[in-house]
Amino acid sequence: MARRYDPERRQRIIDAAIRVVGARGIAGLSHRSAAAEADVPLGSTTYHFRTLDELLVAALRQANEGFAKVVATRGAFQDPRTDLADELAGILGDWLAGERVGVELEYELYLAALRRPALRPVAAEWCQGLTEAIAGRTDPVTARALVALMDGICLQVLLTDGTYDAGYAREMLARLLVAPVS
């Protein structure tokens, strides 16, 4: 039997894993559930992703791209004349206004790093990348605090099923930007 050439199979498996986690949570993801969702043989998932953690790393890396695209489209860090607090609050608003399932999924994968050490470097990449981008407009310590605050605001909105308050976010971000540095 000839082997079927399928260059998109790996990507379909990652997309399927994201859909499975979105529908059933991380506990619902297995090689078998990803294979079924992607409509590929079970062996394909284990060929491309030897372990479930490898598949989760690929899914988290892809999920992180969603936030990176929101940041890139805003261009908040290129123009030093823009109000950084306003831009960061706008980025959060754009991200949270998108597909809610996608945002929840990204945080579910992000928080899975607490129990799955293989995910930690990818979760750290997201924080480090955003911190480095913000540090171009402020000092590194303040940039880390801004990222932590943005994370906290997002988690509060998601966990309480609340509405994002851009005014509150902007005010809190602005307070960090004018806080005295020791």
# chains A, B, ... in the order shown; residues from 1 in each chain; ligands from 1

$ closest_atom_pairs --of "range 14-128 of chain A" --to "range 158-177 of chain A" --cutoff "10 Å" --atoms "only C-alpha atoms" --output "tab-separated table"
residue	atom	partner	partner_atom	distance
A:Asp83	CA	A:Ala174	CA	9.0
A:Leu84	CA	A:Ala174	CA	7.9
A:Ala85	CA	A:Ala174	CA	5.1
A:Asp86	CA	A:Arg170	CA	5.5
A:Glu87	CA	A:Arg170	CA	8.4
A:Leu88	CA	A:Arg170	CA	7.4
A:Ala89	CA	A:Arg170	CA	5.1
A:Gly90	CA	A:Ala166	CA	7.1
A:Ile91	CA	A:Ala166	CA	9.7
A:Leu92	CA	A:Ala166	CA	8.0
A:Gly93	CA	A:Ala166	CA	6.5
A:Leu96	CA	A:Tyr164	CA	7.3
A:Ala97	CA	A:Tyr164	CA	8.5
A:Arg100	CA	A:Leu158	CA	8.6
A:Val103	CA	A:Leu158	CA	8.5
A:Glu104	CA	A:Leu158	CA	7.0
A:Tyr107	CA	A:Leu158	CA	9.0

$ residues_around --residues "Leu42 in chain A" --least-positions-apart "4" --cutoff "10 Å" --atoms "only C-alpha atoms" --output "list of chain:residue names"
A:His31, A:Arg32, A:Ser33, A:Ala34, A:Ala35, A:Ala36, A:Ala38, A:Thr46, A:Tyr47

$ select_by_dssp --residues "chain A" --states "helix (DSSP H, G or I)" --output "PyMOL selection string"
chain A and resi 9-24+26-28+31-38+42-48+52-74+84-97+100-112+117-135+140-160+166-178

$ write_last_selection --atoms "C-alpha atoms" --output "short mmCIF file (atom, residue, chain, number, x, y, z; two decimals), in the first residue's frame"
data_model
loop_
_atom_site.label_atom_id
_atom_site.label_comp_id
_atom_site.auth_asym_id
_atom_site.auth_seq_id
_atom_site.Cartn_x
_atom_site.Cartn_y
_atom_site.Cartn_z
CA ARG A 9 -1.51 16.46 8.61
CA ARG A 10 0.66 17.76 11.47
CA GLN A 11 -1.16 21.11 11.39
CA ARG A 12 -4.56 19.41 11.26
CA ILE A 13 -3.62 17.42 14.36
CA ILE A 14 -2.63 20.61 16.21
CA ASP A 15 -5.87 22.31 15.15
CA ALA A 16 -7.82 19.24 16.26
CA ALA A 17 -6.06 19.22 19.65
CA ILE A 18 -7.02 22.86 20.15
CA ARG A 19 -10.64 22.07 19.31
CA VAL A 20 -10.64 19.09 21.71
CA VAL A 21 -9.20 21.18 24.55
CA GLY A 22 -11.69 23.94 23.76
CA ALA A 23 -14.61 21.51 23.95
CA ARG A 24 -13.50 19.11 26.70
CA ILE A 26 -7.05 19.37 28.73
CA ALA A 27 -8.29 16.26 30.52
CA GLY A 28 -10.25 15.39 27.36
CA HIS A 31 -3.75 11.02 21.06
CA ARG A 32 -6.93 9.10 20.31
CA SER A 33 -9.27 12.11 20.72
CA ALA A 34 -6.97 14.31 18.60
CA ALA A 35 -6.78 11.64 15.89
CA ALA A 36 -10.55 11.26 15.83
CA GLU A 37 -11.10 15.03 15.67
CA ALA A 38 -8.48 15.42 12.90
CA LEU A 42 -4.05 7.17 15.60
CA GLY A 43 -0.51 6.40 14.50
CA SER A 44 -0.31 9.80 12.82
CA THR A 45 -0.66 11.61 16.12
CA THR A 46 2.05 9.57 17.78
CA TYR A 47 4.26 9.91 14.69
CA HIS A 48 4.10 13.72 14.78
CA LEU A 52 0.86 14.26 24.73
CA ASP A 53 3.04 17.02 26.17
CA GLU A 54 4.62 17.54 22.73
CA LEU A 55 1.14 17.99 21.28
CA LEU A 56 0.19 20.41 24.07
CA VAL A 57 3.37 22.42 23.47
CA ALA A 58 2.49 22.76 19.79
CA ALA A 59 -1.09 23.75 20.67
CA LEU A 60 0.07 26.35 23.22
CA ARG A 61 2.61 27.78 20.80
CA GLN A 62 -0.13 28.16 18.18
CA ALA A 63 -2.57 29.63 20.70
CA ASN A 64 0.08 32.19 21.72
CA GLU A 65 0.17 33.38 18.13
CA GLY A 66 -3.37 34.75 18.54
CA PHE A 67 -2.33 37.28 21.16
CA ALA A 68 0.86 38.10 19.26
CA LYS A 69 -1.25 38.99 16.21
CA VAL A 70 -3.41 41.34 18.28
CA VAL A 71 -0.26 43.05 19.59
CA ALA A 72 1.25 43.29 16.10
CA THR A 73 -1.85 44.81 14.51
CA ARG A 74 -2.01 47.59 17.09
CA LEU A 84 1.22 53.26 26.41
CA ALA A 85 -1.46 52.62 29.06
CA ASP A 86 -4.18 53.36 26.51
CA GLU A 87 -2.55 51.08 23.93
CA LEU A 88 -2.13 48.21 26.39
CA ALA A 89 -5.75 48.56 27.55
CA GLY A 90 -6.76 48.56 23.88
CA ILE A 91 -4.77 45.41 23.21
CA LEU A 92 -6.54 43.66 26.08
CA GLY A 93 -9.89 44.90 24.80
CA ASP A 94 -9.18 43.67 21.27
CA TRP A 95 -8.04 40.29 22.55
CA LEU A 96 -10.94 39.78 24.93
CA ALA A 97 -13.42 40.99 22.29
CA ARG A 100 -13.91 33.98 23.87
CA VAL A 101 -13.30 30.24 23.47
CA GLY A 102 -9.90 31.00 21.96
CA VAL A 103 -8.91 33.26 24.85
CA GLU A 104 -10.11 30.70 27.40
CA LEU A 105 -8.23 27.97 25.57
CA GLU A 106 -5.03 29.98 25.58
CA TYR A 107 -5.27 30.51 29.33
CA GLU A 108 -6.17 26.87 29.94
CA LEU A 109 -3.04 25.79 28.08
CA TYR A 110 -1.01 28.53 29.73
CA LEU A 111 -2.10 27.46 33.23
CA ALA A 112 -1.54 23.79 32.39
CA PRO A 117 6.78 21.22 33.06
CA ALA A 118 7.13 20.69 29.30
CA LEU A 119 4.73 23.61 28.76
CA ARG A 120 6.59 26.05 30.99
CA PRO A 121 9.12 27.28 28.42
CA VAL A 122 6.33 28.07 25.94
CA ALA A 123 4.28 29.87 28.59
CA ALA A 124 7.40 31.80 29.58
CA GLU A 125 8.03 32.75 25.91
CA TRP A 126 4.69 34.56 25.85
CA CYS A 127 5.48 36.55 29.00
CA GLN A 128 9.04 37.26 27.96
CA GLY A 129 8.08 38.33 24.44
CA LEU A 130 5.45 40.77 25.66
CA THR A 131 7.73 42.06 28.43
CA GLU A 132 10.52 42.71 25.92
CA ALA A 133 8.14 44.55 23.61
CA ILE A 134 6.86 46.76 26.43
CA ALA A 135 10.37 47.32 27.80
CA PRO A 140 12.23 46.09 32.30
CA VAL A 141 10.86 45.92 35.87
CA THR A 142 7.84 48.05 35.01
CA ALA A 143 7.34 46.03 31.83
CA ARG A 144 7.17 42.80 33.88
CA ALA A 145 4.66 44.40 36.25
CA LEU A 146 2.52 45.57 33.32
CA VAL A 147 2.44 42.04 31.86
CA ALA A 148 1.49 40.61 35.27
CA LEU A 149 -1.30 43.17 35.63
CA MET A 150 -2.57 42.42 32.11
CA ASP A 151 -2.59 38.71 32.93
CA GLY A 152 -4.48 39.36 36.16
CA ILE A 153 -7.09 41.50 34.45
CA CYS A 154 -7.65 38.86 31.77
CA LEU A 155 -7.98 36.09 34.34
CA GLN A 156 -10.48 38.12 36.38
CA VAL A 157 -12.63 38.75 33.30
CA LEU A 158 -12.50 35.08 32.28
CA LEU A 159 -13.06 33.61 35.74
CA THR A 160 -15.93 35.88 36.66
CA ALA A 166 -11.13 49.32 29.43
CA GLY A 167 -11.24 52.42 31.63
CA TYR A 168 -10.27 50.45 34.72
CA ALA A 169 -7.50 48.64 32.85
CA ARG A 170 -6.14 51.88 31.44
CA GLU A 171 -6.14 53.54 34.88
CA MET A 172 -4.35 50.63 36.57
CA LEU A 173 -1.78 50.35 33.76
CA ALA A 174 -1.18 54.12 33.93
CA ARG A 175 -0.59 53.89 37.68
CA LEU A 176 2.18 51.37 37.11
CA LEU A 177 3.73 53.56 34.45
CA VAL A 178 4.03 56.53 36.82
#

$ atom_distance --atom1 "CA of Thr82 in chain A" --atom2 "CA of Gly136 in chain A"
12.7 Å

$ atom_distance --atom1 "CA of Pro7 in chain A" --atom2 "CA of Arg50 in chain A"
17.9 Å

$ atom_distance --atom1 "CA of Thr51 in chain A" --atom2 "CA of Leu114 in chain A"
17.7 Å

$ decode --residues "range 22-35 of chain A" --atoms "all heavy atoms" --output "compact mmCIF listing (two decimals), in the first residue's frame"
# COMPACT_ATOMS: atom_id res chain seq x y z
N GLY A 22 -10.64 22.93 23.67
CA GLY A 22 -11.69 23.94 23.76
C GLY A 22 -13.03 23.35 24.15
O GLY A 22 -13.80 23.96 24.90
N ALA A 23 -13.31 22.15 23.67
CA ALA A 23 -14.61 21.51 23.95
C ALA A 23 -14.62 20.72 25.26
O ALA A 23 -15.62 20.72 25.98
CB ALA A 23 -14.98 20.59 22.79
N ARG A 24 -13.51 20.04 25.57
CA ARG A 24 -13.50 19.11 26.70
C ARG A 24 -12.46 19.41 27.76
O ARG A 24 -12.34 18.67 28.74
CB ARG A 24 -13.25 17.69 26.19
CG ARG A 24 -14.28 17.21 25.21
CD ARG A 24 -13.99 15.79 24.79
NE ARG A 24 -14.12 15.70 23.34
CZ ARG A 24 -13.59 14.77 22.60
NH1 ARG A 24 -12.87 13.82 23.15
NH2 ARG A 24 -13.77 14.77 21.30
N GLY A 25 -11.65 20.42 27.54
CA GLY A 25 -10.58 20.71 28.48
C GLY A 25 -9.37 19.82 28.22
O GLY A 25 -9.42 18.89 27.41
N ILE A 26 -8.30 20.12 28.92
CA ILE A 26 -7.05 19.37 28.73
C ILE A 26 -7.24 17.91 29.09
O ILE A 26 -6.67 17.03 28.47
CB ILE A 26 -5.90 20.03 29.51
CG1 ILE A 26 -5.54 21.34 28.80
CG2 ILE A 26 -4.69 19.12 29.60
CD1 ILE A 26 -4.46 22.13 29.44
N ALA A 27 -8.06 17.65 30.10
CA ALA A 27 -8.29 16.26 30.52
C ALA A 27 -8.92 15.44 29.39
O ALA A 27 -8.77 14.22 29.36
CB ALA A 27 -9.18 16.22 31.76
N GLY A 28 -9.60 16.10 28.46
CA GLY A 28 -10.25 15.39 27.36
C GLY A 28 -9.34 15.14 26.17
O GLY A 28 -9.73 14.49 25.21
N LEU A 29 -8.11 15.65 26.24
CA LEU A 29 -7.19 15.49 25.12
C LEU A 29 -6.36 14.22 25.28
O LEU A 29 -5.75 13.99 26.33
CB LEU A 29 -6.25 16.69 25.00
CG LEU A 29 -5.25 16.64 23.85
CD1 LEU A 29 -5.96 16.65 22.49
CD2 LEU A 29 -4.27 17.80 23.94
N SER A 30 -6.35 13.43 24.26
CA SER A 30 -5.49 12.25 24.17
C SER A 30 -5.07 12.12 22.71
O SER A 30 -5.62 12.80 21.84
CB SER A 30 -6.26 10.99 24.61
OG SER A 30 -7.32 10.73 23.71
N HIS A 31 -4.11 11.26 22.46
CA HIS A 31 -3.75 11.02 21.06
C HIS A 31 -4.98 10.52 20.30
O HIS A 31 -5.23 10.92 19.16
CB HIS A 31 -2.60 10.00 20.96
CG HIS A 31 -1.26 10.60 21.21
ND1 HIS A 31 -0.62 10.50 22.41
CD2 HIS A 31 -0.45 11.32 20.42
CE1 HIS A 31 0.55 11.12 22.34
NE2 HIS A 31 0.67 11.64 21.13
N ARG A 32 -5.74 9.67 20.95
CA ARG A 32 -6.93 9.10 20.31
C ARG A 32 -7.97 10.18 20.00
O ARG A 32 -8.54 10.23 18.92
CB ARG A 32 -7.53 8.02 21.21
CG ARG A 32 -8.65 7.22 20.58
CD ARG A 32 -9.08 6.04 21.43
NE ARG A 32 -8.02 5.12 21.80
CZ ARG A 32 -7.45 4.22 21.00
NH1 ARG A 32 -7.85 4.12 19.76
NH2 ARG A 32 -6.51 3.42 21.44
N SER A 33 -8.25 11.08 20.97
CA SER A 33 -9.27 12.11 20.72
C SER A 33 -8.80 13.10 19.66
O SER A 33 -9.59 13.56 18.84
CB SER A 33 -9.64 12.84 22.02
OG SER A 33 -8.55 13.56 22.54
N ALA A 34 -7.51 13.42 19.64
CA ALA A 34 -6.97 14.31 18.60
C ALA A 34 -7.05 13.64 17.23
O ALA A 34 -7.41 14.29 16.24
CB ALA A 34 -5.53 14.70 18.93
N ALA A 35 -6.71 12.37 17.16
CA ALA A 35 -6.78 11.64 15.89
C ALA A 35 -8.21 11.61 15.37
O ALA A 35 -8.46 11.84 14.18
CB ALA A 35 -6.23 10.23 16.06
